[in-house]
$ cat data_30.txt   # compact mmCIF, C-alpha atoms
# COMPACT_ATOMS: atom_id res chain seq x y z
CA MET Q 1 -63.61 77.60 95.52
CA PHE Q 2 -61.07 78.95 92.97
CA VAL Q 3 -58.47 81.64 93.35
CA SER Q 4 -56.20 82.70 90.55
CA ILE Q 5 -52.61 83.71 91.25
CA GLN Q 6 -52.60 85.71 88.04
CA ARG Q 7 -55.65 87.69 89.14
CA ALA Q 8 -54.09 88.28 92.54
CA LEU Q 9 -50.91 89.56 90.92
CA ASP Q 10 -52.87 91.80 88.54
CA LYS Q 11 -54.69 93.26 91.51
CA LEU Q 12 -51.48 93.69 93.47
CA ARG Q 13 -49.84 95.43 90.51
CA ALA Q 14 -52.71 97.90 90.28
CA LEU Q 15 -52.61 98.45 94.04
CA VAL Q 16 -48.89 99.19 94.16
CA GLY Q 17 -49.22 101.41 91.10
CA SER Q 18 -51.94 103.48 92.70
CA ARG Q 19 -51.04 103.43 96.39
CA GLY Q 20 -47.33 102.71 96.44
CA ASP Q 21 -44.77 105.35 97.35
CA ALA Q 22 -41.67 106.18 95.36
CA CYS Q 23 -38.82 104.19 96.81
CA THR Q 24 -35.41 102.63 96.37
CA PRO Q 25 -35.76 98.97 97.35
CA ASP Q 26 -32.86 97.30 99.17
CA SER Q 27 -33.17 94.05 97.35
CA LEU Q 28 -35.63 92.28 95.14
CA ASP Q 29 -36.19 88.76 96.48
CA LEU Q 30 -38.76 87.42 94.11
CA GLU Q 31 -40.17 88.51 90.76
CA LEU Q 32 -43.89 87.86 90.81
CA SER Q 33 -44.64 88.93 87.27
CA ASN Q 34 -43.16 91.33 84.79
CA GLY Q 35 -41.66 94.18 86.83
CA LEU Q 36 -43.54 93.30 90.03
CA PHE Q 37 -41.34 92.09 92.87
CA LEU Q 38 -41.32 91.24 96.54
CA SER Q 39 -38.70 92.62 98.86
CA GLY Q 40 -39.49 91.17 102.27
CA SER Q 41 -43.08 92.14 102.96
CA VAL Q 42 -42.93 95.01 100.49
CA ALA Q 43 -44.33 94.74 96.97
CA VAL Q 44 -42.20 96.67 94.51
CA LEU Q 45 -43.29 97.81 91.07
CA ALA Q 46 -40.64 98.84 88.56
CA GLN Q 47 -41.92 101.53 86.23
CA GLY Q 48 -39.60 103.05 83.68
CA GLY Q 49 -36.51 103.02 85.89
CA ALA Q 50 -38.35 104.17 89.02
CA TYR Q 51 -39.83 102.05 91.79
CA ARG Q 52 -43.02 102.18 93.83
CA CYS Q 53 -43.26 100.29 97.07
CA LEU Q 54 -46.17 99.14 99.21
CA ASP Q 55 -45.95 97.07 102.36
CA VAL Q 56 -48.42 94.24 101.83
CA GLY Q 57 -47.80 92.49 105.15
CA GLY Q 58 -48.82 88.84 105.25
CA LEU Q 59 -49.81 88.77 101.60
CA ALA Q 60 -46.12 88.52 100.75
CA ASP Q 61 -45.85 85.20 102.62
CA VAL Q 62 -49.03 83.98 101.01
CA LEU Q 63 -47.60 84.63 97.56
CA ARG Q 64 -44.35 82.92 98.58
CA THR Q 65 -46.34 79.79 99.52
CA PHE Q 66 -46.94 79.21 95.83
CA ALA Q 67 -43.64 80.58 94.51
CA TYR Q 68 -41.64 77.37 94.33
CA PRO Q 69 -43.89 74.32 94.37
CA GLN Q 70 -41.58 71.37 94.02
CA THR Q 71 -43.04 68.20 92.57
CA ILE Q 72 -42.28 65.34 94.94
CA GLN Q 73 -43.69 62.53 92.87
CA GLN Q 74 -45.90 61.96 89.91
CA SER Q 75 -49.27 60.55 90.75
CA ALA Q 76 -52.25 59.15 88.93
CA PHE Q 77 -54.79 61.93 88.87
CA LYS Q 78 -56.87 62.13 91.99
CA THR Q 79 -60.24 63.75 92.17
CA LEU Q 80 -58.85 66.91 93.69
CA ARG Q 81 -60.95 68.66 96.23
CA PRO Q 82 -61.28 72.39 96.65
CA PRO Q 83 -60.02 74.87 97.44
CA TYR Q 84 -58.26 75.28 94.15
CA VAL Q 85 -55.39 77.64 93.50
CA GLU Q 86 -54.82 78.37 89.82
CA LEU Q 87 -51.16 78.89 89.08
CA TYR Q 88 -51.61 79.44 85.37
CA GLU Q 89 -54.54 79.63 83.00
CA ASP Q 90 -55.03 80.49 79.38
CA GLU Q 91 -57.16 78.99 76.61
CA ARG Q 92 -54.78 76.07 76.19
CA ARG Q 93 -53.01 75.42 79.48
CA TYR Q 94 -54.25 75.18 83.03
CA VAL Q 95 -52.12 74.46 86.08
CA VAL Q 96 -54.07 74.09 89.28
CA LEU Q 97 -53.44 73.01 92.86
CA GLY Q 98 -55.97 71.09 94.92
CA ILE Q 99 -56.19 68.70 97.84
CA TYR Q 100 -56.47 64.95 98.04
CA ASP Q 101 -55.86 62.76 101.07
CA ASP Q 102 -54.34 65.64 103.06
CA LYS Q 103 -51.74 66.33 100.41
CA VAL Q 104 -51.49 69.16 97.94
CA TYR Q 105 -51.46 68.07 94.31
CA MET Q 106 -50.66 70.01 91.18
CA SER Q 107 -52.27 69.02 87.90
CA GLU Q 108 -51.54 70.32 84.46
CA TRP Q 109 -54.16 70.36 81.74
CA SER Q 110 -54.05 71.05 78.06
CA GLY Q 111 -57.53 72.25 77.17
CA ILE Q 112 -59.84 69.60 78.53
CA ARG Q 113 -57.16 66.92 78.59
CA LEU Q 114 -55.20 66.01 81.71
CA CYS Q 115 -51.45 65.97 81.07
CA CYS Q 116 -49.83 65.27 84.41
CA SER Q 117 -50.47 65.24 88.11
CA TRP Q 118 -48.00 65.41 90.98
CA VAL Q 119 -47.81 65.65 94.73
CA VAL Q 120 -46.10 68.95 95.65
CA ASP Q 121 -44.22 69.99 98.76
CA ILE Q 122 -46.74 72.52 100.08
CA ASP Q 123 -48.04 71.86 103.57
CA VAL Q 124 -51.77 71.36 103.39
CA ASP Q 125 -52.59 73.63 106.36
CA ARG Q 126 -50.45 76.41 105.00
CA TYR Q 127 -52.14 75.83 101.65
CA ARG Q 128 -55.60 76.29 103.12
CA ARG Q 129 -54.60 79.40 105.05
CA SER Q 130 -52.95 80.88 101.99
CA TYR Q 131 -56.00 80.15 99.88
CA GLU Q 132 -58.23 81.93 102.38
CA ALA Q 133 -55.92 84.93 102.50
CA LEU Q 134 -55.87 85.15 98.72
CA GLU Q 135 -59.63 84.86 98.57
CA ARG Q 136 -59.97 87.71 101.07
CA PHE Q 137 -57.47 89.79 99.11
CA LEU Q 138 -59.31 89.21 95.85
CA SER Q 139 -62.74 89.87 97.23
CA GLY Q 140 -61.76 92.89 99.30
CA GLU Q 141 -61.67 96.51 98.32
CA PRO Q 142 -58.79 97.32 96.01
CA MET H 1 -27.97 89.77 64.32
CA SER H 2 -31.21 91.75 64.28
CA GLY H 3 -31.88 90.54 60.74
CA LEU H 4 -31.54 86.95 61.85
CA LEU H 5 -33.83 87.48 64.79
CA GLU H 6 -36.39 89.16 62.56
CA ARG H 7 -36.41 86.12 60.31
CA PHE H 8 -36.93 83.88 63.34
CA ASP H 9 -39.63 86.27 64.50
CA VAL H 10 -38.55 85.67 68.07
CA ARG H 11 -37.53 88.46 70.43
CA LEU H 12 -36.27 87.66 73.86
CA ASP H 13 -35.87 90.25 76.57
CA GLU H 14 -32.98 90.12 78.98
CA ARG H 15 -34.88 88.00 81.47
CA GLU H 16 -36.04 85.50 78.85
CA LEU H 17 -32.51 85.22 77.52
CA ARG H 18 -31.30 84.53 81.05
CA ILE H 19 -33.94 81.83 81.54
CA LEU H 20 -33.13 80.13 78.24
CA LEU H 21 -29.42 80.25 79.03
CA GLY H 22 -30.14 78.86 82.49
CA ILE H 23 -32.03 75.94 80.97
CA ILE H 24 -29.35 75.11 78.44
CA GLY H 25 -26.70 75.35 81.14
CA SER H 26 -28.39 72.82 83.43
CA GLU H 27 -30.67 70.87 81.13
CA PRO H 28 -32.70 68.84 81.50
CA THR H 29 -34.15 70.94 84.27
CA THR H 30 -37.42 71.59 86.08
CA ALA H 31 -39.60 74.68 86.20
CA TYR H 32 -38.96 74.65 89.95
CA LYS H 33 -35.21 75.00 89.44
CA VAL H 34 -35.70 77.73 86.84
CA ALA H 35 -37.90 79.58 89.33
CA VAL H 36 -35.43 79.22 92.19
CA ASP H 37 -32.37 80.08 90.10
CA ASN H 38 -34.01 83.19 88.69
CA ARG H 39 -35.93 84.09 91.84
CA MET H 40 -39.14 84.17 89.86
CA HIS H 41 -42.58 83.04 90.94
CA PHE H 42 -43.56 79.65 89.53
CA SER H 43 -46.63 81.09 87.80
CA TYR H 44 -44.42 83.59 85.99
CA VAL H 45 -41.84 80.95 85.07
CA TYR H 46 -44.56 78.63 83.79
CA LYS H 47 -45.88 81.41 81.56
CA LYS H 48 -42.40 81.95 80.12
CA LEU H 49 -41.73 78.24 79.59
CA TRP H 50 -45.09 77.78 77.93
CA SER H 51 -44.35 80.67 75.54
CA PHE H 52 -40.95 79.06 74.81
CA GLU H 53 -42.74 75.79 74.07
CA GLN H 54 -45.10 77.53 71.69
CA GLU H 55 -42.18 79.20 69.93
CA GLY H 56 -40.45 75.83 69.56
CA LEU H 57 -37.50 76.92 71.68
CA VAL H 58 -37.84 74.32 74.43
CA ALA H 59 -39.56 71.01 74.97
CA TYR H 60 -39.87 68.69 77.91
CA PHE H 61 -40.09 65.05 78.79
CA CYS H 62 -41.28 63.36 81.94
CA GLU H 63 -38.52 61.75 83.95
CA PRO H 64 -39.13 58.01 84.32
CA GLY H 65 -40.01 57.18 87.90
CA SER H 66 -40.49 60.63 89.41
CA GLY H 67 -42.51 61.96 86.48
CA ARG H 68 -40.87 65.36 86.90
CA LYS H 69 -41.20 67.56 83.84
CA LEU H 70 -37.71 68.17 82.57
CA TYR H 71 -37.17 70.96 80.07
CA TYR H 72 -34.44 71.13 77.45
CA VAL H 73 -33.60 73.55 74.68
CA LEU H 74 -34.49 72.60 71.10
CA PRO H 75 -32.25 73.37 68.08
CA LYS H 76 -34.27 76.52 67.35
CA GLY H 77 -33.55 77.71 70.88
CA VAL H 78 -29.86 76.99 70.39
CA LEU H 79 -29.86 78.91 67.10
CA ILE H 80 -31.66 81.83 68.75
CA LEU H 81 -29.04 81.89 71.51
CA MET H 82 -26.35 81.82 68.83
CA ALA H 83 -28.06 84.72 67.05
CA TYR H 84 -27.91 86.63 70.34
CA GLU H 85 -24.23 85.65 70.60
CA ALA H 86 -25.03 84.28 74.04
CA LEU H 87 -23.52 80.80 73.65
CA SER H 88 -19.93 79.69 73.36
CA PRO H 89 -19.23 78.01 70.00
CA LYS H 90 -18.26 74.82 71.80
CA MET H 91 -21.51 74.61 73.73
CA ALA H 92 -23.57 75.48 70.64
CA ALA H 93 -21.81 72.76 68.64
CA ASP H 94 -22.26 70.17 71.40
CA LYS H 95 -25.96 70.92 71.83
CA LEU H 96 -26.75 70.95 68.12
CA ARG H 97 -24.74 67.77 67.49
CA ASP H 98 -26.79 66.06 70.17
CA ARG H 99 -30.15 67.48 69.07
CA TRP H 100 -29.64 66.84 65.38
CA ASN H 101 -28.05 63.47 66.06
CA LEU H 102 -24.97 64.25 63.95
CA LYS H 103 -22.45 62.41 66.08
CA ASP H 104 -19.64 62.20 63.54
CA PHE H 105 -19.74 65.89 62.60
CA SER H 106 -16.91 68.04 63.94
CA ASP H 107 -17.52 71.23 65.89
CA ASP H 108 -16.56 73.27 62.83
CA GLU H 109 -18.95 71.33 60.62
CA ILE H 110 -21.80 71.71 63.09
CA LEU H 111 -21.20 75.42 63.45
CA GLU H 112 -21.01 75.92 59.70
CA LEU H 113 -24.25 74.00 59.33
CA ALA H 114 -25.79 76.20 62.01
CA HIS H 115 -24.76 79.28 60.07
CA ILE H 116 -26.30 77.83 56.91
CA PHE H 117 -29.53 77.41 58.90
CA LEU H 118 -29.29 80.92 60.30
CA ASN H 119 -28.53 82.53 56.95
CA ASN H 120 -31.17 80.61 55.04
CA TYR H 121 -33.87 80.45 57.66
CA ARG H 122 -37.40 81.18 56.53
CA PRO H 123 -40.41 81.18 58.82
CA GLY H 124 -41.72 77.67 59.05
CA THR H 125 -38.40 75.93 58.42
CA PRO H 126 -38.55 72.92 60.72
CA VAL H 127 -35.15 73.44 62.34
CA ASN H 128 -36.06 71.24 65.29
CA ASP H 129 -36.25 68.22 63.00
CA SER H 130 -32.99 67.56 61.20
CA VAL H 131 -34.54 65.22 58.64
CA MET H 132 -37.27 67.67 57.68
CA SER H 133 -34.80 70.54 57.73
CA ALA H 134 -32.52 68.64 55.40
CA TYR H 135 -35.42 68.05 53.05
CA VAL H 136 -36.29 71.76 52.98
CA LEU H 137 -32.67 72.77 52.50
CA TYR H 138 -32.25 70.13 49.80
CA THR H 139 -35.17 71.42 47.75
CA ARG H 140 -33.73 74.90 47.99
CA TYR H 141 -30.28 73.55 47.13
CA LEU H 142 -31.70 71.93 43.97
CA ALA H 143 -33.43 75.19 43.08
CA GLY H 144 -30.11 77.01 43.43
CA GLU H 145 -31.51 79.17 46.23
CA LEU H 146 -29.22 78.05 49.00
CA ASN H 147 -26.65 80.50 50.22
CA ALA H 148 -23.91 78.05 51.17
CA ARG H 149 -20.41 77.51 49.87
CA ASN H 150 -19.53 74.21 51.48
CA ARG H 151 -21.22 71.73 49.19
CA ALA H 152 -19.35 68.79 50.71
CA LEU H 153 -20.78 69.58 54.13
CA LEU H 154 -24.28 69.89 52.73
CA ASN H 155 -23.92 66.59 50.92
CA LYS H 156 -22.81 64.95 54.17
CA PHE H 157 -25.79 66.46 56.00
CA PHE H 158 -28.27 65.43 53.31
CA ARG H 159 -26.81 61.92 53.22
CA ARG H 160 -27.13 61.62 57.00
CA ALA H 161 -30.73 62.83 56.91
CA PHE H 162 -31.52 60.36 54.14
CA GLU H 163 -30.02 57.52 56.16
CA ALA H 164 -32.05 58.58 59.18
CA LEU H 165 -35.19 58.63 57.09
CA ILE H 166 -34.48 55.17 55.71
CA GLY H 167 -33.89 54.03 59.29
CA LEU H 168 -37.27 55.36 60.32
CA ILE H 169 -39.00 53.67 57.42
CA GLY H 170 -37.11 50.46 58.16
CA GLU H 171 -38.39 50.42 61.72
CA GLY H 172 -41.90 50.31 60.40
CA VAL H 173 -44.99 50.91 62.43
CA PRO H 174 -45.06 49.16 65.80
CA ALA H 175 -47.63 46.39 65.96
CA GLU H 176 -49.59 48.03 68.76
CA MET H 177 -50.05 51.13 66.61
CA ARG H 178 -51.19 49.14 63.60
CA THR H 179 -53.82 47.28 65.53
CA GLY H 180 -55.00 50.20 67.67
CA HIS H 181 -54.80 50.26 71.43
CA SER H 182 -57.07 49.11 74.13
CA VAL H 183 -59.10 51.89 75.65
CA GLU H 184 -58.67 51.61 79.38
CA GLY H 185 -61.42 52.21 81.86
CA LEU H 186 -64.28 51.80 79.43
CA HIS H 187 -67.28 49.60 80.02
CA MET H 188 -67.71 48.76 76.40
CA THR H 189 -70.31 46.63 74.83
CA ALA H 190 -69.57 48.37 71.54
CA SER H 191 -66.24 47.73 69.84
CA CYS H 192 -64.21 50.50 68.27
CA PRO H 193 -63.89 51.29 65.48
CA GLY H 194 -67.35 50.22 64.49
CA THR H 195 -70.57 51.17 62.74
CA TYR H 196 -73.85 51.04 64.63
CA ARG H 197 -77.49 51.85 64.08
CA VAL H 198 -78.88 54.18 66.73
CA ALA H 199 -82.43 55.54 66.68
CA GLY H 200 -82.75 54.68 63.01
CA ARG H 201 -79.52 56.36 62.05
CA GLU H 202 -76.14 54.90 61.26
CA ILE H 203 -73.22 56.18 63.29
CA ARG H 204 -69.56 55.31 63.19
CA LEU H 205 -67.17 55.32 66.14
CA ASP H 206 -63.48 55.81 65.47
CA GLU H 207 -60.75 53.65 66.97
CA ASP H 208 -60.82 55.68 70.20
CA CYS H 209 -64.63 55.40 70.43
CA TYR H 210 -65.33 59.01 69.51
CA LEU H 211 -68.12 59.79 67.08
CA GLU H 212 -66.44 59.95 63.69
CA ASN H 213 -68.87 62.53 62.33
CA PRO H 214 -69.92 65.01 65.04
CA SER H 215 -72.95 66.05 63.02
CA ASP H 216 -74.38 62.55 63.55
CA TRP H 217 -74.81 63.43 67.21
CA SER H 218 -78.24 63.56 68.80
CA ARG H 219 -79.48 63.04 72.32
CA ASP H 220 -80.30 59.44 71.43
CA VAL H 221 -76.72 58.96 70.24
CA ALA H 222 -75.41 60.50 73.47
CA VAL H 223 -77.48 58.07 75.52
CA TRP H 224 -76.27 55.16 73.38
CA ILE H 225 -72.57 56.12 73.66
CA ALA H 226 -72.94 56.70 77.39
CA GLU H 227 -74.45 53.26 77.90
CA ASN H 228 -72.45 51.25 75.38
CA VAL H 229 -69.03 52.88 75.61
CA GLU H 230 -68.88 54.50 79.05
CA GLY H 231 -71.26 52.26 80.94
CA LEU H 232 -73.24 55.27 82.18
CA SER H 233 -76.92 56.06 82.54
CA LEU H 234 -77.25 59.76 81.90
CA THR H 235 -78.88 61.84 84.59
CA GLU H 236 -79.75 65.53 84.60
CA GLU H 237 -76.33 66.20 86.13
CA HIS H 238 -74.63 64.47 83.20
CA TRP H 239 -76.77 66.33 80.70
CA ARG H 240 -75.78 69.68 82.17
CA LEU H 241 -72.15 68.93 81.35
CA VAL H 242 -72.87 67.27 78.01
CA ASP H 243 -75.00 70.19 76.84
CA TYR H 244 -72.37 72.67 77.97
CA VAL H 245 -69.56 70.90 76.09
CA ARG H 246 -71.70 70.37 73.01
CA ALA H 247 -72.75 74.05 72.91
CA TYR H 248 -69.18 75.22 73.49
CA TRP H 249 -67.90 72.98 70.72
CA GLU H 250 -70.61 74.07 68.27
CA LYS H 251 -69.75 77.70 68.91
CA ARG H 252 -65.97 77.44 68.98
CA GLY H 253 -65.04 74.17 67.29
CA GLU H 254 -63.14 72.90 70.30
CA CYS H 255 -63.77 71.53 73.74
CA PRO H 256 -63.81 73.98 76.63
CA PRO H 257 -60.66 74.25 78.75
CA VAL H 258 -61.23 72.31 81.93
CA GLY H 259 -60.83 75.33 84.21
CA ARG H 260 -63.54 77.22 82.38
CA LEU H 261 -65.83 74.20 82.41
CA LEU H 262 -65.50 73.81 86.18
CA LYS H 263 -66.01 77.48 86.92
CA ASP H 264 -68.86 78.05 84.47
CA LEU H 265 -70.75 75.07 85.87
CA GLY H 266 -69.71 75.60 89.50
CA ILE H 267 -68.45 72.05 89.91
CA THR H 268 -65.32 70.43 91.32
CA PHE H 269 -62.93 67.86 89.90
CA GLU H 270 -64.67 65.39 92.20
CA ASP H 271 -68.02 66.11 90.56
CA LEU H 272 -66.50 65.86 87.10
CA TYR H 273 -64.90 62.47 87.69
CA ARG H 274 -67.87 61.14 89.62
CA LEU H 275 -70.04 61.82 86.59
CA PHE H 276 -67.50 60.80 83.95
CA PRO H 277 -65.03 58.40 85.57
CA SER H 278 -62.94 58.01 82.41
CA GLY H 279 -62.25 61.76 82.46
CA PRO H 280 -63.51 64.87 80.70
CA ALA H 281 -61.48 64.50 77.50
CA GLU H 282 -62.62 60.93 77.22
CA GLY H 283 -66.05 60.19 78.67
CA LEU H 284 -67.55 63.64 78.52
CA CYS H 285 -66.31 64.46 75.03
CA ARG H 286 -67.32 61.04 73.69
CA VAL H 287 -70.86 61.42 75.01
CA ALA H 288 -71.03 64.99 73.72
CA GLY H 289 -70.13 63.62 70.28
CA VAL H 290 -67.17 65.92 69.71
CA PRO H 291 -63.86 64.89 68.14
CA ARG H 292 -61.13 63.52 70.37
CA PRO H 293 -59.44 66.54 71.93
CA GLY H 294 -55.73 66.85 71.34
CA GLY H 295 -53.50 68.40 73.88
CA CYS H 296 -50.59 67.12 75.85
CA PRO H 297 -47.31 66.68 74.02
$ encode --input "data_30.txt" --output "structure tokens"
Amino acid sequence: MFVSIQRALDKLRALVGSRGDACTPDSLDLELSNGLFLSGSVAVLAQGGAYRCLDVGGLADVLRTFAYPQTIQQSAFKTLRPPYVELYEDERRYVVLGIYDDKVYMSEWSGIRLCCSWVVDIDVDRYRRSYEALERFLSGEP
Amino acid sequence: MSGLLERFDVRLDERELRILLGIIGSEPTTAYKVAVDNRMHFSYVYKKLWSFEQEGLVAYFCEPGSGRKLYYVLPKGVLILMAYEALSPKMAADKLRDRWNLKDFSDDEILELAHIFLNNYRPGTPVNDSVMSAYVLYTRYLAGELNARNRALLNKFFRRAFEALIGLIGEGVPAEMRTGHSVEGLHMTASCPGTYRVAGREIRLDEDCYLENPSDWSRDVAVWIAENVEGLSLTEEHWRLVDYVRAYWEKRGECPPVGRLLKDLGITFEDLYRLFPSGPAEGLCRVAGVPRPGGCP
């Protein structure tokens, strides 16, 4: 029901660190988290001036699905249905995506209090497929 | 420079500096734009912006109409960028003049004031609030502790802060704040604030209908609040959530973050709002007898 982008990125970082090959990436399209990048379908980990690369195939597109969620309009909070994709979570802030009325919504929480809720420009079918792919990635063998 | 940054206790790496500069260059701006401009994943950008918020470097407001969160750099962020020598003097002066609301100060005066702040900064100095900052600087000025040569400038700054303070006092407290606000979505038979007798014990609800003294809570009180404030009859499903929140609060002194609550109990937002239609921070926390949770800016 829940997948966490941060957990997925932590797992990907470990994977590239352990299975990636030394490389010189052509370009770095997207920084996923500190020192972890995508270059096309290749995940790139920068480690002390050197790079390790691992082709992660479709996972790259899945991660891009959630890279730039643009808020289309603010909305009164809807009772979001699963699946939920957690974009950020710590003890004080929680940013989560969910579905309502065939649209993807993002809501931001501070502790137990709802701050804001918006419709975002992620296609709902792509959202569901990406969720499933992330779930498989997180539950699969490292 | 390093001495100044040590006093601020803020260290920005190259990427963070770039993000902060990007915000100040296009403010007010969205997390989406920051992500796109810096080719960073939203989750990573959000983490950075949230850390900037906690450091008092940026803040945001919601754009009327669209509700988009728009971030802008606070005076502390401007001063940090100045300490990194990353801002042109003109831009620094313009931003600080705007943020501190010192419209009739020249660029040179603003920049000199900024340097007084930088050179006299101590942790905790409220640089994002010009009135409070002036008060702190003034007390140090009176104590002869202020390292500043331009007394005329300081006097002008203190006078302006004093006028702003008088203006604030003059505005008074808006009527709706004095009389409390209506609590939307409640099915109240009780009025708040108010004192009531429940199961032989006196309880007091505050103006937002939360139990004023959490130690007055009991299961009878929970049932009473549910019925008389939230219009709910508690079922086993409700109790599962109420007991969870109450136990969490007793252990940690705060309400559980909503994500943890959902995952620990294996429920959805739908379940949560079906059980407590006024929301978790409101209905659930009221019934659990915990203080009103703070949170959103």
$ atom_distance --input "data_30.txt" --atom1 "CA of Arg52 (chain Q)" --atom2 "CA of Tyr127 (chain Q)"
29.0 Å
$ residues_around --input "data_30.txt" --residues "Val85 (chain Q)" --least-positions-apart "2" --cutoff "7 Å" --atoms "all atoms listed in the file" --output "ChimeraX atom specification"
/Q:2-4,83,87,96-98,131
$ closest_atom_pairs --input "data_30.txt" --of "chain Q" --to "chain H" --cutoff "8 Å" --atoms "only C-alpha atoms" --output "CSV"
residue,atom,partner,partner_atom,distance
Q:Phe2,CA,H:Lys263,CA,7.9
Q:Ile5,CA,H:Ser43,CA,7.4
Q:Gln6,CA,H:Ser43,CA,7.6
Q:Asp29,CA,H:Arg39,CA,6.6
Q:Leu30,CA,H:Arg39,CA,4.9
Q:Glu31,CA,H:Met40,CA,4.6
Q:Leu32,CA,H:His41,CA,5.0
Q:Ser33,CA,H:Tyr44,CA,5.5
Q:Asn34,CA,H:Tyr44,CA,7.9
Q:Arg64,CA,H:His41,CA,7.8
Q:Phe66,CA,H:Phe42,CA,7.2
Q:Ala67,CA,H:His41,CA,4.5
Q:Tyr68,CA,H:Phe42,CA,5.7
Q:Pro69,CA,H:Tyr32,CA,6.6
Q:Gln70,CA,H:Tyr32,CA,5.8
Q:Thr71,CA,H:Arg68,CA,6.7
Q:Ile72,CA,H:Ser66,CA,7.5
Q:Gln73,CA,H:Ser66,CA,5.1
Q:Gln74,CA,H:Gly67,CA,4.8
Q:Thr79,CA,H:Glu270,CA,4.7
Q:Leu80,CA,H:Phe269,CA,5.6
Q:Arg81,CA,H:Glu270,CA,6.4
Q:Pro82,CA,H:Thr268,CA,7.0
Q:Leu87,CA,H:Ser43,CA,5.2
Q:Tyr88,CA,H:Ser43,CA,5.8
Q:Glu89,CA,H:Gly259,CA,7.7
Q:Glu91,CA,H:Pro257,CA,6.3
Q:Arg92,CA,H:Pro257,CA,6.7
Q:Arg93,CA,H:Pro257,CA,7.8
Q:Tyr94,CA,H:Gly259,CA,6.7
Q:Trp109,CA,H:Val258,CA,7.3
Q:Ser110,CA,H:Gly295,CA,5.0
Q:Gly111,CA,H:Pro257,CA,4.0
Q:Ile112,CA,H:Val258,CA,4.6
Q:Arg113,CA,H:Ala281,CA,5.1
Q:Leu114,CA,H:Cys296,CA,7.5
Q:Cys115,CA,H:Cys296,CA,5.4
Q:Trp118,CA,H:Gly67,CA,7.9
$ atom_distance --input "data_30.txt" --atom1 "CA of Ser39 (chain Q)" --atom2 "CA of Asp123 (chain Q)"
23.2 Å
$ residues_around --input "data_30.txt" --residues "region 153-169 of chain H" --least-positions-apart "3" --cutoff "8 Å" --atoms "all atoms listed in the file" --output "list in words"
Leu102, Glu109, Leu113, Ser130, Val131, Ala134, Tyr135, Tyr138, Asn150 and Gly172 of chain H
